[in-house]
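Text of target35.cif (mmCIF, N, CA, C and O atoms) as supplied:
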data_final
#
loop_
_atom_site.label_atom_id
_atom_site.label_comp_id
_atom_site.auth_asym_id
_atom_site.auth_seq_id
_atom_site.Cartn_x
_atom_site.Cartn_y
_atom_site.Cartn_z
N ALA D 11 0.49 -17.92 6.73
CA ALA D 11 -0.62 -18.77 6.37
C ALA D 11 -0.21 -19.71 5.25
O ALA D 11 0.64 -19.39 4.44
N ARG D 12 -0.82 -20.81 5.21
CA ARG D 12 -0.53 -21.81 4.18
C ARG D 12 -1.73 -21.91 3.24
O ARG D 12 -2.37 -22.94 3.16
N GLU D 13 -2.03 -20.81 2.58
CA GLU D 13 -3.13 -20.79 1.62
C GLU D 13 -2.56 -20.49 0.24
O GLU D 13 -1.63 -19.71 0.11
N GLU D 14 -3.16 -21.10 -0.78
CA GLU D 14 -2.67 -20.88 -2.13
C GLU D 14 -2.80 -19.44 -2.58
O GLU D 14 -2.05 -18.97 -3.42
N SER D 15 -3.76 -18.71 -2.01
CA SER D 15 -3.97 -17.32 -2.42
C SER D 15 -2.98 -16.36 -1.77
O SER D 15 -2.95 -15.18 -2.09
N LYS D 16 -2.18 -16.86 -0.83
CA LYS D 16 -1.19 -16.03 -0.13
C LYS D 16 0.19 -16.59 -0.39
O LYS D 16 0.38 -17.80 -0.44
N PHE D 17 1.15 -15.70 -0.54
CA PHE D 17 2.51 -16.18 -0.74
C PHE D 17 3.48 -15.17 -0.17
O PHE D 17 3.14 -14.03 0.09
N GLY D 18 4.67 -15.62 0.05
CA GLY D 18 5.71 -14.77 0.61
C GLY D 18 6.89 -15.64 0.97
O GLY D 18 7.07 -16.73 0.44
N PHE D 19 7.68 -15.17 1.89
CA PHE D 19 8.87 -15.91 2.33
C PHE D 19 8.49 -16.95 3.38
O PHE D 19 7.68 -16.69 4.25
N GLU D 20 9.14 -18.08 3.30
CA GLU D 20 9.09 -19.07 4.37
C GLU D 20 10.07 -18.61 5.45
O GLU D 20 11.03 -17.88 5.15
N PRO D 21 9.88 -19.02 6.70
CA PRO D 21 10.81 -18.60 7.76
C PRO D 21 12.28 -18.87 7.43
O PRO D 21 13.13 -18.01 7.65
N ASN D 22 12.59 -20.03 6.87
CA ASN D 22 14.00 -20.33 6.54
C ASN D 22 14.52 -19.41 5.44
O ASN D 22 15.71 -19.10 5.40
N GLU D 23 13.65 -18.94 4.56
CA GLU D 23 14.07 -18.01 3.51
C GLU D 23 14.40 -16.64 4.10
O GLU D 23 15.33 -15.97 3.63
N ILE D 24 13.67 -16.21 5.11
CA ILE D 24 13.96 -14.94 5.78
C ILE D 24 15.32 -15.01 6.46
O ILE D 24 16.13 -14.09 6.38
N ILE D 25 15.56 -16.12 7.14
CA ILE D 25 16.85 -16.29 7.82
C ILE D 25 17.98 -16.31 6.80
O ILE D 25 19.02 -15.66 7.00
N SER D 26 17.78 -16.99 5.68
CA SER D 26 18.80 -17.00 4.62
C SER D 26 19.04 -15.61 4.06
O SER D 26 20.19 -15.22 3.82
N LEU D 27 17.97 -14.86 3.85
CA LEU D 27 18.11 -13.49 3.34
C LEU D 27 18.92 -12.63 4.30
O LEU D 27 19.73 -11.82 3.87
N SER D 28 18.71 -12.83 5.59
CA SER D 28 19.40 -12.00 6.58
C SER D 28 20.91 -12.20 6.57
O SER D 28 21.65 -11.34 7.06
N THR D 29 21.37 -13.30 6.01
CA THR D 29 22.81 -13.56 5.95
C THR D 29 23.34 -13.55 4.52
O THR D 29 24.53 -13.78 4.31
N ASP D 30 22.49 -13.26 3.56
CA ASP D 30 22.89 -13.28 2.15
C ASP D 30 23.73 -12.05 1.84
O ASP D 30 23.33 -10.92 2.12
N PRO D 31 24.91 -12.24 1.23
CA PRO D 31 25.76 -11.09 0.91
C PRO D 31 25.16 -10.16 -0.15
O PRO D 31 25.67 -9.05 -0.34
N ILE D 32 24.09 -10.56 -0.79
CA ILE D 32 23.47 -9.69 -1.79
C ILE D 32 22.73 -8.51 -1.14
O ILE D 32 22.57 -7.46 -1.76
N LEU D 33 22.30 -8.64 0.11
CA LEU D 33 21.50 -7.60 0.75
C LEU D 33 22.28 -6.35 1.15
O LEU D 33 21.85 -5.23 0.83
N PRO D 34 23.41 -6.42 1.81
CA PRO D 34 24.09 -5.20 2.27
C PRO D 34 24.39 -4.16 1.19
O PRO D 34 24.24 -2.96 1.44
N PRO D 35 24.79 -4.54 -0.04
CA PRO D 35 25.08 -3.51 -1.05
C PRO D 35 23.84 -2.78 -1.58
O PRO D 35 23.97 -1.77 -2.26
N LEU D 36 22.66 -3.27 -1.29
CA LEU D 36 21.44 -2.65 -1.79
C LEU D 36 21.09 -1.43 -0.94
O LEU D 36 20.24 -1.48 -0.07
N LYS D 37 21.76 -0.32 -1.21
CA LYS D 37 21.64 0.86 -0.34
C LYS D 37 20.27 1.52 -0.38
O LYS D 37 19.95 2.30 0.51
N TYR D 38 19.45 1.23 -1.37
CA TYR D 38 18.10 1.81 -1.42
C TYR D 38 17.03 0.84 -0.95
O TYR D 38 15.84 1.10 -1.10
N VAL D 39 17.45 -0.26 -0.36
CA VAL D 39 16.52 -1.24 0.21
C VAL D 39 16.73 -1.27 1.71
O VAL D 39 17.85 -1.43 2.19
N GLU D 40 15.64 -1.08 2.44
CA GLU D 40 15.71 -1.17 3.90
C GLU D 40 14.54 -2.02 4.39
O GLU D 40 13.38 -1.69 4.15
N ILE D 41 14.85 -3.11 5.02
CA ILE D 41 13.84 -3.98 5.60
C ILE D 41 13.68 -3.56 7.06
O ILE D 41 14.65 -3.55 7.81
N ILE D 42 12.46 -3.20 7.45
CA ILE D 42 12.26 -2.70 8.81
C ILE D 42 11.48 -3.66 9.70
O ILE D 42 11.24 -3.37 10.87
N GLY D 43 11.09 -4.78 9.17
CA GLY D 43 10.37 -5.74 9.99
C GLY D 43 9.76 -6.84 9.17
O GLY D 43 10.14 -7.08 8.02
N LEU D 44 8.79 -7.48 9.77
CA LEU D 44 8.10 -8.59 9.13
C LEU D 44 6.61 -8.29 9.03
O LEU D 44 6.06 -7.57 9.85
N MET D 45 5.97 -8.87 8.02
CA MET D 45 4.53 -8.77 7.87
C MET D 45 3.99 -10.15 7.58
O MET D 45 4.58 -10.89 6.79
N GLY D 46 2.90 -10.49 8.21
CA GLY D 46 2.29 -11.78 7.95
C GLY D 46 0.79 -11.71 8.04
O GLY D 46 0.23 -10.82 8.69
N MET D 47 0.16 -12.65 7.37
CA MET D 47 -1.29 -12.78 7.40
C MET D 47 -1.64 -14.17 7.87
O MET D 47 -1.02 -15.15 7.45
N ALA D 48 -2.62 -14.26 8.74
CA ALA D 48 -3.07 -15.57 9.23
C ALA D 48 -4.00 -16.21 8.21
O ALA D 48 -4.57 -15.54 7.34
N THR D 49 -4.17 -17.49 8.35
CA THR D 49 -5.12 -18.23 7.54
C THR D 49 -6.51 -17.65 7.75
O THR D 49 -6.87 -17.27 8.86
N PHE D 50 -7.29 -17.59 6.69
CA PHE D 50 -8.67 -17.10 6.78
C PHE D 50 -9.51 -18.24 7.34
O PHE D 50 -9.89 -19.18 6.64
N THR D 51 -9.76 -18.17 8.62
CA THR D 51 -10.47 -19.24 9.32
C THR D 51 -11.21 -18.67 10.52
O THR D 51 -10.87 -17.59 11.01
N GLU D 52 -12.19 -19.40 11.00
CA GLU D 52 -12.90 -19.03 12.22
C GLU D 52 -12.13 -19.49 13.46
O GLU D 52 -12.45 -19.09 14.58
N SER D 53 -11.12 -20.33 13.28
CA SER D 53 -10.39 -20.92 14.40
C SER D 53 -9.40 -19.93 15.01
O SER D 53 -8.34 -19.65 14.43
N GLU D 54 -9.75 -19.43 16.18
CA GLU D 54 -8.85 -18.51 16.88
C GLU D 54 -7.53 -19.20 17.21
O GLU D 54 -6.48 -18.57 17.18
N GLU D 55 -7.57 -20.48 17.49
CA GLU D 55 -6.36 -21.23 17.82
C GLU D 55 -5.38 -21.25 16.65
O GLU D 55 -4.17 -21.05 16.82
N VAL D 56 -5.88 -21.49 15.44
CA VAL D 56 -5.02 -21.51 14.24
C VAL D 56 -4.40 -20.13 14.03
O VAL D 56 -3.20 -20.00 13.81
N ILE D 57 -5.23 -19.10 14.12
CA ILE D 57 -4.75 -17.72 13.93
C ILE D 57 -3.69 -17.38 14.97
O ILE D 57 -2.61 -16.88 14.64
N ARG D 58 -3.99 -17.65 16.22
CA ARG D 58 -3.05 -17.33 17.30
C ARG D 58 -1.72 -18.07 17.12
O ARG D 58 -0.65 -17.49 17.29
N ASN D 59 -1.78 -19.34 16.74
CA ASN D 59 -0.55 -20.11 16.54
C ASN D 59 0.28 -19.54 15.40
O ASN D 59 1.51 -19.48 15.50
N GLU D 60 -0.36 -19.12 14.33
CA GLU D 60 0.38 -18.53 13.21
C GLU D 60 1.02 -17.21 13.62
O GLU D 60 2.18 -16.95 13.28
N PHE D 61 0.31 -16.39 14.37
CA PHE D 61 0.89 -15.13 14.84
C PHE D 61 2.04 -15.40 15.81
O PHE D 61 3.06 -14.70 15.80
N ARG D 62 1.90 -16.39 16.65
CA ARG D 62 2.98 -16.73 17.59
C ARG D 62 4.24 -17.19 16.86
O ARG D 62 5.36 -16.84 17.27
N LEU D 63 4.07 -17.96 15.80
CA LEU D 63 5.24 -18.38 15.02
C LEU D 63 5.94 -17.20 14.39
O LEU D 63 7.18 -17.13 14.38
N LEU D 64 5.17 -16.25 13.87
CA LEU D 64 5.78 -15.06 13.27
C LEU D 64 6.48 -14.22 14.33
O LEU D 64 7.57 -13.70 14.11
N LYS D 65 5.87 -14.10 15.49
CA LYS D 65 6.48 -13.33 16.60
C LYS D 65 7.80 -13.99 17.02
O LYS D 65 8.79 -13.30 17.29
N LYS D 66 7.83 -15.31 17.07
CA LYS D 66 9.05 -16.02 17.44
C LYS D 66 10.16 -15.76 16.42
O LYS D 66 11.30 -15.49 16.78
N LEU D 67 9.82 -15.81 15.13
CA LEU D 67 10.79 -15.49 14.08
C LEU D 67 11.29 -14.06 14.23
O LEU D 67 12.49 -13.79 14.13
N PHE D 68 10.37 -13.14 14.48
CA PHE D 68 10.68 -11.73 14.69
C PHE D 68 11.70 -11.57 15.83
O PHE D 68 12.72 -10.90 15.68
N GLU D 69 11.44 -12.19 16.96
CA GLU D 69 12.32 -12.09 18.12
C GLU D 69 13.68 -12.72 17.84
O GLU D 69 14.72 -12.18 18.24
N ASN D 70 13.69 -13.84 17.15
CA ASN D 70 14.97 -14.49 16.80
C ASN D 70 15.80 -13.61 15.88
O ASN D 70 17.02 -13.48 16.06
N LEU D 71 15.16 -13.00 14.91
CA LEU D 71 15.89 -12.10 14.00
C LEU D 71 16.41 -10.87 14.73
O LEU D 71 17.52 -10.41 14.46
N LYS D 72 15.62 -10.33 15.65
CA LYS D 72 16.06 -9.15 16.41
C LYS D 72 17.35 -9.43 17.18
O LYS D 72 18.16 -8.53 17.37
N ARG D 73 17.53 -10.66 17.60
CA ARG D 73 18.73 -11.03 18.37
C ARG D 73 19.91 -11.40 17.47
O ARG D 73 21.01 -11.64 17.97
N SER D 74 19.66 -11.46 16.18
CA SER D 74 20.70 -11.89 15.23
C SER D 74 21.55 -10.71 14.77
O SER D 74 21.12 -9.56 14.84
N LYS D 75 22.72 -11.03 14.28
CA LYS D 75 23.55 -10.02 13.63
C LYS D 75 22.99 -9.84 12.23
O LYS D 75 22.95 -10.77 11.44
N LEU D 76 22.54 -8.63 11.94
CA LEU D 76 21.88 -8.34 10.67
C LEU D 76 22.64 -7.29 9.89
O LEU D 76 23.35 -6.47 10.47
N PRO D 77 22.48 -7.27 8.57
CA PRO D 77 23.08 -6.20 7.79
C PRO D 77 22.49 -4.85 8.19
O PRO D 77 21.38 -4.78 8.73
N SER D 78 23.20 -3.78 7.94
CA SER D 78 22.75 -2.45 8.37
C SER D 78 21.43 -2.03 7.74
O SER D 78 20.72 -1.19 8.29
N ASN D 79 21.07 -2.59 6.60
CA ASN D 79 19.82 -2.22 5.95
C ASN D 79 18.68 -3.20 6.28
O ASN D 79 17.65 -3.22 5.63
N MET D 80 18.87 -3.99 7.33
CA MET D 80 17.81 -4.89 7.80
C MET D 80 17.63 -4.65 9.29
O MET D 80 18.42 -5.13 10.11
N LYS D 81 16.62 -3.87 9.61
CA LYS D 81 16.32 -3.54 11.01
C LYS D 81 14.98 -4.19 11.36
O LYS D 81 13.96 -3.84 10.79
N ILE D 82 15.00 -5.09 12.26
CA ILE D 82 13.76 -5.79 12.61
C ILE D 82 13.14 -5.05 13.81
O ILE D 82 13.42 -5.33 14.96
N GLU D 83 12.30 -4.07 13.48
CA GLU D 83 11.67 -3.22 14.49
C GLU D 83 10.15 -3.32 14.49
O GLU D 83 9.52 -3.06 15.51
N GLU D 84 9.56 -3.63 13.38
CA GLU D 84 8.10 -3.65 13.27
C GLU D 84 7.60 -5.05 12.94
O GLU D 84 8.23 -5.78 12.18
N LEU D 85 6.46 -5.39 13.51
CA LEU D 85 5.81 -6.67 13.25
C LEU D 85 4.37 -6.40 12.86
O LEU D 85 3.53 -6.08 13.69
N SER D 86 4.11 -6.48 11.57
CA SER D 86 2.79 -6.19 11.03
C SER D 86 2.03 -7.50 10.83
O SER D 86 2.38 -8.32 9.99
N MET D 87 1.04 -7.67 11.67
CA MET D 87 0.17 -8.83 11.52
C MET D 87 -1.19 -8.45 12.09
O MET D 87 -1.29 -7.65 13.01
N GLY D 88 -2.21 -8.99 11.49
CA GLY D 88 -3.57 -8.70 11.92
C GLY D 88 -4.29 -7.82 10.94
O GLY D 88 -3.74 -6.83 10.44
N MET D 89 -5.50 -8.24 10.64
CA MET D 89 -6.37 -7.47 9.75
C MET D 89 -7.70 -7.27 10.48
O MET D 89 -7.84 -7.64 11.64
N SER D 90 -8.65 -6.68 9.80
CA SER D 90 -9.91 -6.33 10.44
C SER D 90 -10.56 -7.50 11.19
O SER D 90 -11.15 -7.30 12.25
N SER D 91 -10.42 -8.70 10.67
CA SER D 91 -11.08 -9.85 11.29
C SER D 91 -10.31 -10.46 12.45
O SER D 91 -10.88 -11.20 13.25
N ASP D 92 -9.01 -10.16 12.58
CA ASP D 92 -8.21 -10.84 13.61
C ASP D 92 -7.22 -9.91 14.33
O ASP D 92 -6.32 -10.37 15.00
N TYR D 93 -7.42 -8.61 14.21
CA TYR D 93 -6.44 -7.67 14.77
C TYR D 93 -6.32 -7.76 16.28
O TYR D 93 -5.25 -7.52 16.84
N LYS D 94 -7.41 -8.09 16.97
CA LYS D 94 -7.33 -8.18 18.44
C LYS D 94 -6.38 -9.30 18.86
O LYS D 94 -5.58 -9.13 19.79
N ILE D 95 -6.45 -10.42 18.18
CA ILE D 95 -5.53 -11.53 18.47
C ILE D 95 -4.10 -11.10 18.14
O ILE D 95 -3.17 -11.36 18.90
N ALA D 96 -3.93 -10.42 17.01
CA ALA D 96 -2.60 -9.97 16.58
C ALA D 96 -1.98 -9.04 17.63
O ALA D 96 -0.80 -9.17 17.95
N ILE D 97 -2.76 -8.12 18.15
CA ILE D 97 -2.24 -7.20 19.17
C ILE D 97 -1.83 -7.99 20.42
O ILE D 97 -0.76 -7.76 20.99
N GLN D 98 -2.66 -8.95 20.82
CA GLN D 98 -2.32 -9.78 21.98
C GLN D 98 -1.03 -10.55 21.76
O GLN D 98 -0.28 -10.81 22.71
N GLU D 99 -0.74 -10.88 20.52
CA GLU D 99 0.45 -11.68 20.19
C GLU D 99 1.66 -10.83 19.81
O GLU D 99 2.68 -11.36 19.42
N GLY D 100 1.55 -9.50 19.91
CA GLY D 100 2.72 -8.66 19.75
C GLY D 100 2.81 -7.82 18.49
O GLY D 100 3.87 -7.26 18.21
N SER D 101 1.75 -7.70 17.74
CA SER D 101 1.78 -6.89 16.52
C SER D 101 2.05 -5.42 16.84
O SER D 101 1.53 -4.89 17.81
N THR D 102 2.86 -4.78 16.00
CA THR D 102 3.09 -3.34 16.15
C THR D 102 2.33 -2.55 15.09
O THR D 102 2.23 -1.33 15.18
N TYR D 103 1.83 -3.23 14.08
CA TYR D 103 1.00 -2.63 13.03
C TYR D 103 -0.16 -3.58 12.75
O TYR D 103 0.04 -4.79 12.70
N VAL D 104 -1.35 -3.03 12.56
CA VAL D 104 -2.48 -3.82 12.10
C VAL D 104 -3.05 -3.15 10.86
O VAL D 104 -2.92 -1.95 10.68
N ARG D 105 -3.67 -3.96 10.00
CA ARG D 105 -4.26 -3.44 8.77
C ARG D 105 -5.77 -3.62 8.89
O ARG D 105 -6.28 -4.73 8.80
N ILE D 106 -6.47 -2.51 9.14
CA ILE D 106 -7.90 -2.60 9.45
C ILE D 106 -8.76 -1.74 8.53
O ILE D 106 -9.75 -1.16 8.94
N GLY D 107 -8.39 -1.68 7.28
CA GLY D 107 -9.13 -0.87 6.31
C GLY D 107 -10.59 -1.25 6.19
O GLY D 107 -11.48 -0.39 6.14
N THR D 108 -10.89 -2.54 6.17
CA THR D 108 -12.28 -2.98 6.04
C THR D 108 -13.09 -2.55 7.25
O THR D 108 -14.25 -2.13 7.11
N ALA D 109 -12.51 -2.60 8.44
CA ALA D 109 -13.23 -2.18 9.64
C ALA D 109 -13.53 -0.68 9.61
O ALA D 109 -14.55 -0.24 10.13
N ILE D 110 -12.67 0.08 8.98
CA ILE D 110 -12.86 1.54 8.91
C ILE D 110 -13.75 1.93 7.73
O ILE D 110 -14.69 2.70 7.88
N PHE D 111 -13.43 1.38 6.56
CA PHE D 111 -14.08 1.82 5.32
C PHE D 111 -15.15 0.89 4.79
O PHE D 111 -15.86 1.22 3.86
N GLY D 112 -15.26 -0.32 5.34
CA GLY D 112 -16.22 -1.29 4.85
C GLY D 112 -15.62 -2.16 3.75
O GLY D 112 -14.49 -1.98 3.34
N GLU D 113 -16.42 -3.10 3.32
CA GLU D 113 -15.99 -4.02 2.27
C GLU D 113 -15.73 -3.26 0.98
O GLU D 113 -16.38 -2.25 0.70
N ARG D 114 -14.82 -3.75 0.18
CA ARG D 114 -14.52 -3.14 -1.11
C ARG D 114 -15.64 -3.46 -2.10
O ARG D 114 -16.20 -4.55 -2.07
N ASN D 115 -15.91 -2.52 -2.95
CA ASN D 115 -16.84 -2.73 -4.06
C ASN D 115 -16.03 -2.85 -5.33
O ASN D 115 -15.43 -1.88 -5.77
N TYR D 116 -15.98 -4.05 -5.87
CA TYR D 116 -15.23 -4.28 -7.09
C TYR D 116 -16.13 -4.05 -8.30
O TYR D 116 -17.27 -4.52 -8.31
N PRO D 117 -15.64 -3.34 -9.28
CA PRO D 117 -16.45 -3.11 -10.49
C PRO D 117 -16.73 -4.43 -11.21
O PRO D 117 -15.88 -5.31 -11.24
N THR D 118 -17.90 -4.52 -11.77
CA THR D 118 -18.23 -5.71 -12.57
C THR D 118 -18.28 -5.30 -14.03
O THR D 118 -18.69 -4.20 -14.39
N ASN D 119 -17.82 -6.15 -14.87
CA ASN D 119 -17.80 -5.87 -16.32
C ASN D 119 -18.75 -6.76 -17.05
O ASN D 119 -19.04 -7.81 -16.77
#

Can I see the file as structure tokens?
Amino acid sequence: AREESKFGFEPNEIISLSTDPILPPLKYVEIIGLMGMATFTESEEVIRNEFRLLKKLFENLKRSKLPSNMKIEELSMGMSSDYKIAIQEGSTYVRIGTAIFGERNYPTN
């Protein structure tokens, strides 16, 4: 998603990380997949396109030669509001806490 409230790696940064010599010596770091969040919008088309882009990156990385501590096996995308689209687009993990537990109650001071 391209929202100011969300941040993470850009696709080109993930590809650079996968070939960076700094990663293999990190024996206590294991990357097992990708996680992404779609833009918070009512537009199913925008959400679907963002999930498709992440799935494409996921598939490209799976076909790449990766360091032993980078295994691209899981694709986590989709939350309570868009998990059905995420599953259709290939998600292996969804985050649906709000659907199960309800909205969070934040303390007020």

Exercise. Report as a list in words the full result of the PyMOL selection byres ((chain D and resi 13-20) around 8) when it is applied to this structure.
Key: Ala11, Arg12, Pro21, Asn22, Glu23, Ile24, Ile25, Ser26, Leu27, Met45, Met47, Ala48, Thr49 and Phe50 of chain D

Self-check item: All residues 6 Å or closer to region 80-85 of chain D, only C-alpha atoms, same chain fewer than 4 positions away omitted, as a VMD selection string
Solution: chain D and resid 40 to 45 72 101 to 102

Quiz item: Which polymer residues have any atom within 6 Å of an atom of Ser28 (chain D), counting all atoms listed in the file, with same-chain residues fewer than 5 positions away left out, as a VMD selection string?
Solution: chain D and resid 23 75 to 77

Strand (DSSP E or B) residues, from DSSP on the backbone, in region 18-103 of chain D, as a short mmCIF file (atom, residue, chain, number, x, y, z; two decimals) with N, CA, C and O atoms, in the frame of the given file:
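After the write, out-v1.cif holds the following:
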data_model
loop_
_atom_site.label_atom_id
_atom_site.label_comp_id
_atom_site.auth_asym_id
_atom_site.auth_seq_id
_atom_site.Cartn_x
_atom_site.Cartn_y
_atom_site.Cartn_z
N ILE D 41 14.85 -3.11 5.02
CA ILE D 41 13.84 -3.98 5.60
C ILE D 41 13.68 -3.56 7.06
O ILE D 41 14.65 -3.55 7.81
N ILE D 42 12.46 -3.20 7.45
CA ILE D 42 12.26 -2.70 8.81
C ILE D 42 11.48 -3.66 9.70
O ILE D 42 11.24 -3.37 10.87
N GLY D 43 11.09 -4.78 9.17
CA GLY D 43 10.37 -5.74 9.99
C GLY D 43 9.76 -6.84 9.17
O GLY D 43 10.14 -7.08 8.02
N LEU D 44 8.79 -7.48 9.77
CA LEU D 44 8.10 -8.59 9.13
C LEU D 44 6.61 -8.29 9.03
O LEU D 44 6.06 -7.57 9.85
N MET D 45 5.97 -8.87 8.02
CA MET D 45 4.53 -8.77 7.87
C MET D 45 3.99 -10.15 7.58
O MET D 45 4.58 -10.89 6.79
N GLY D 46 2.90 -10.49 8.21
CA GLY D 46 2.29 -11.78 7.95
C GLY D 46 0.79 -11.71 8.04
O GLY D 46 0.23 -10.82 8.69
N MET D 80 18.87 -3.99 7.33
CA MET D 80 17.81 -4.89 7.80
C MET D 80 17.63 -4.65 9.29
O MET D 80 18.42 -5.13 10.11
N LYS D 81 16.62 -3.87 9.61
CA LYS D 81 16.32 -3.54 11.01
C LYS D 81 14.98 -4.19 11.36
O LYS D 81 13.96 -3.84 10.79
N ILE D 82 15.00 -5.09 12.26
CA ILE D 82 13.76 -5.79 12.61
C ILE D 82 13.14 -5.05 13.81
O ILE D 82 13.42 -5.33 14.96
N GLU D 83 12.30 -4.07 13.48
CA GLU D 83 11.67 -3.22 14.49
C GLU D 83 10.15 -3.32 14.49
O GLU D 83 9.52 -3.06 15.51
N GLU D 84 9.56 -3.63 13.38
CA GLU D 84 8.10 -3.65 13.27
C GLU D 84 7.60 -5.05 12.94
O GLU D 84 8.23 -5.78 12.18
N LEU D 85 6.46 -5.39 13.51
CA LEU D 85 5.81 -6.67 13.25
C LEU D 85 4.37 -6.40 12.86
O LEU D 85 3.53 -6.08 13.69
N SER D 86 4.11 -6.48 11.57
CA SER D 86 2.79 -6.19 11.03
C SER D 86 2.03 -7.50 10.83
O SER D 86 2.38 -8.32 9.99
N MET D 87 1.04 -7.67 11.67
CA MET D 87 0.17 -8.83 11.52
C MET D 87 -1.19 -8.45 12.09
O MET D 87 -1.29 -7.65 13.01
N GLY D 88 -2.21 -8.99 11.49
CA GLY D 88 -3.57 -8.70 11.92
C GLY D 88 -4.29 -7.82 10.94
O GLY D 88 -3.74 -6.83 10.44
N MET D 89 -5.50 -8.24 10.64
CA MET D 89 -6.37 -7.47 9.75
C MET D 89 -7.70 -7.27 10.48
O MET D 89 -7.84 -7.64 11.64
N TYR D 103 1.83 -3.23 14.08
CA TYR D 103 1.00 -2.63 13.03
C TYR D 103 -0.16 -3.58 12.75
O TYR D 103 0.04 -4.79 12.70
#

Self-check item: Test item, alpha helix (DSSP H) assignment across chain D, answer as number ranges by chain
Solution: D: 21-29, 54-72, 93-98, 107-111

Quiz prompt | For Gly107 (chain D), the nearest of the candidates D:Leu63, D:Leu36, D:Ile95, D:Met89, counting only N, CA, C and O atoms | solution = D:Met89

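As for CA of Glu113 (chain D) and CA of Ser91 (chain D), they are spaced 11.8 Å apart.
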
Self-check item: Separation of CA of Lys94 (chain D) from CA of Glu60 (chain D), in Å and rounded to one decimal
Solution: 13.9 Å

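Counting only C-alpha atoms, Glu54 (chain D) has the following residues at most 9 Å away, ignoring those fewer than 4 positions along the same chain: Arg58, Asn59, Asp92 and Ile95 of chain D.
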
Practice problem: Measure the distance from atom C of Ile57 (chain D) to CA of Ala96 (chain D) in Å and round it to one decimal. | Solution: 7.7 Å

Starting from the incomplete input, reconstruct all heavy atoms of region 66-71 of chain D and report them as a JSON list (two decimals), in the frame of the given file.
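So the final result, stored in selection_39.json, reads:
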[["chain", "number", "residue", "atom", "x", "y", "z"],
["D", 66, "LYS", "N", 7.83, -15.31, 17.07],
["D", 66, "LYS", "CA", 9.05, -16.02, 17.44],
["D", 66, "LYS", "C", 10.16, -15.76, 16.42],
["D", 66, "LYS", "O", 11.30, -15.49, 16.78],
["D", 66, "LYS", "CB", 8.77, -17.52, 17.55],
["D", 66, "LYS", "CG", 9.95, -18.33, 18.03],
["D", 66, "LYS", "CD", 9.56, -19.78, 18.19],
["D", 66, "LYS", "CE", 10.76, -20.58, 18.65],
["D", 66, "LYS", "NZ", 10.44, -22.00, 18.81],
["D", 67, "LEU", "N", 9.82, -15.81, 15.13],
["D", 67, "LEU", "CA", 10.79, -15.49, 14.08],
["D", 67, "LEU", "C", 11.29, -14.06, 14.23],
["D", 67, "LEU", "O", 12.49, -13.79, 14.13],
["D", 67, "LEU", "CB", 10.17, -15.71, 12.70],
["D", 67, "LEU", "CG", 11.03, -15.32, 11.50],
["D", 67, "LEU", "CD1", 12.33, -16.12, 11.46],
["D", 67, "LEU", "CD2", 10.24, -15.51, 10.21],
["D", 68, "PHE", "N", 10.37, -13.14, 14.48],
["D", 68, "PHE", "CA", 10.68, -11.73, 14.69],
["D", 68, "PHE", "C", 11.70, -11.57, 15.83],
["D", 68, "PHE", "O", 12.72, -10.90, 15.68],
["D", 68, "PHE", "CB", 9.37, -10.99, 15.00],
["D", 68, "PHE", "CG", 9.50, -9.56, 15.36],
["D", 68, "PHE", "CD1", 9.68, -8.58, 14.39],
["D", 68, "PHE", "CD2", 9.39, -9.14, 16.68],
["D", 68, "PHE", "CE1", 9.75, -7.24, 14.72],
["D", 68, "PHE", "CE2", 9.47, -7.81, 17.03],
["D", 68, "PHE", "CZ", 9.66, -6.86, 16.04],
["D", 69, "GLU", "N", 11.44, -12.19, 16.96],
["D", 69, "GLU", "CA", 12.32, -12.09, 18.12],
["D", 69, "GLU", "C", 13.68, -12.72, 17.84],
["D", 69, "GLU", "O", 14.72, -12.18, 18.24],
["D", 69, "GLU", "CB", 11.68, -12.73, 19.35],
["D", 69, "GLU", "CG", 10.46, -11.99, 19.87],
["D", 69, "GLU", "CD", 10.74, -10.57, 20.32],
["D", 69, "GLU", "OE1", 11.89, -10.26, 20.72],
["D", 69, "GLU", "OE2", 9.81, -9.74, 20.28],
["D", 70, "ASN", "N", 13.69, -13.84, 17.15],
["D", 70, "ASN", "CA", 14.97, -14.49, 16.80],
["D", 70, "ASN", "C", 15.80, -13.61, 15.88],
["D", 70, "ASN", "O", 17.02, -13.48, 16.06],
["D", 70, "ASN", "CB", 14.73, -15.86, 16.16],
["D", 70, "ASN", "CG", 14.27, -16.90, 17.15],
["D", 70, "ASN", "OD1", 14.46, -16.76, 18.36],
["D", 70, "ASN", "ND2", 13.65, -17.94, 16.65],
["D", 71, "LEU", "N", 15.16, -13.00, 14.91],
["D", 71, "LEU", "CA", 15.89, -12.10, 14.00],
["D", 71, "LEU", "C", 16.41, -10.87, 14.73],
["D", 71, "LEU", "O", 17.52, -10.41, 14.46],
["D", 71, "LEU", "CB", 15.00, -11.69, 12.84],
["D", 71, "LEU", "CG", 14.81, -12.72, 11.75],
["D", 71, "LEU", "CD1", 13.72, -12.28, 10.78],
["D", 71, "LEU", "CD2", 16.10, -12.98, 10.99]]
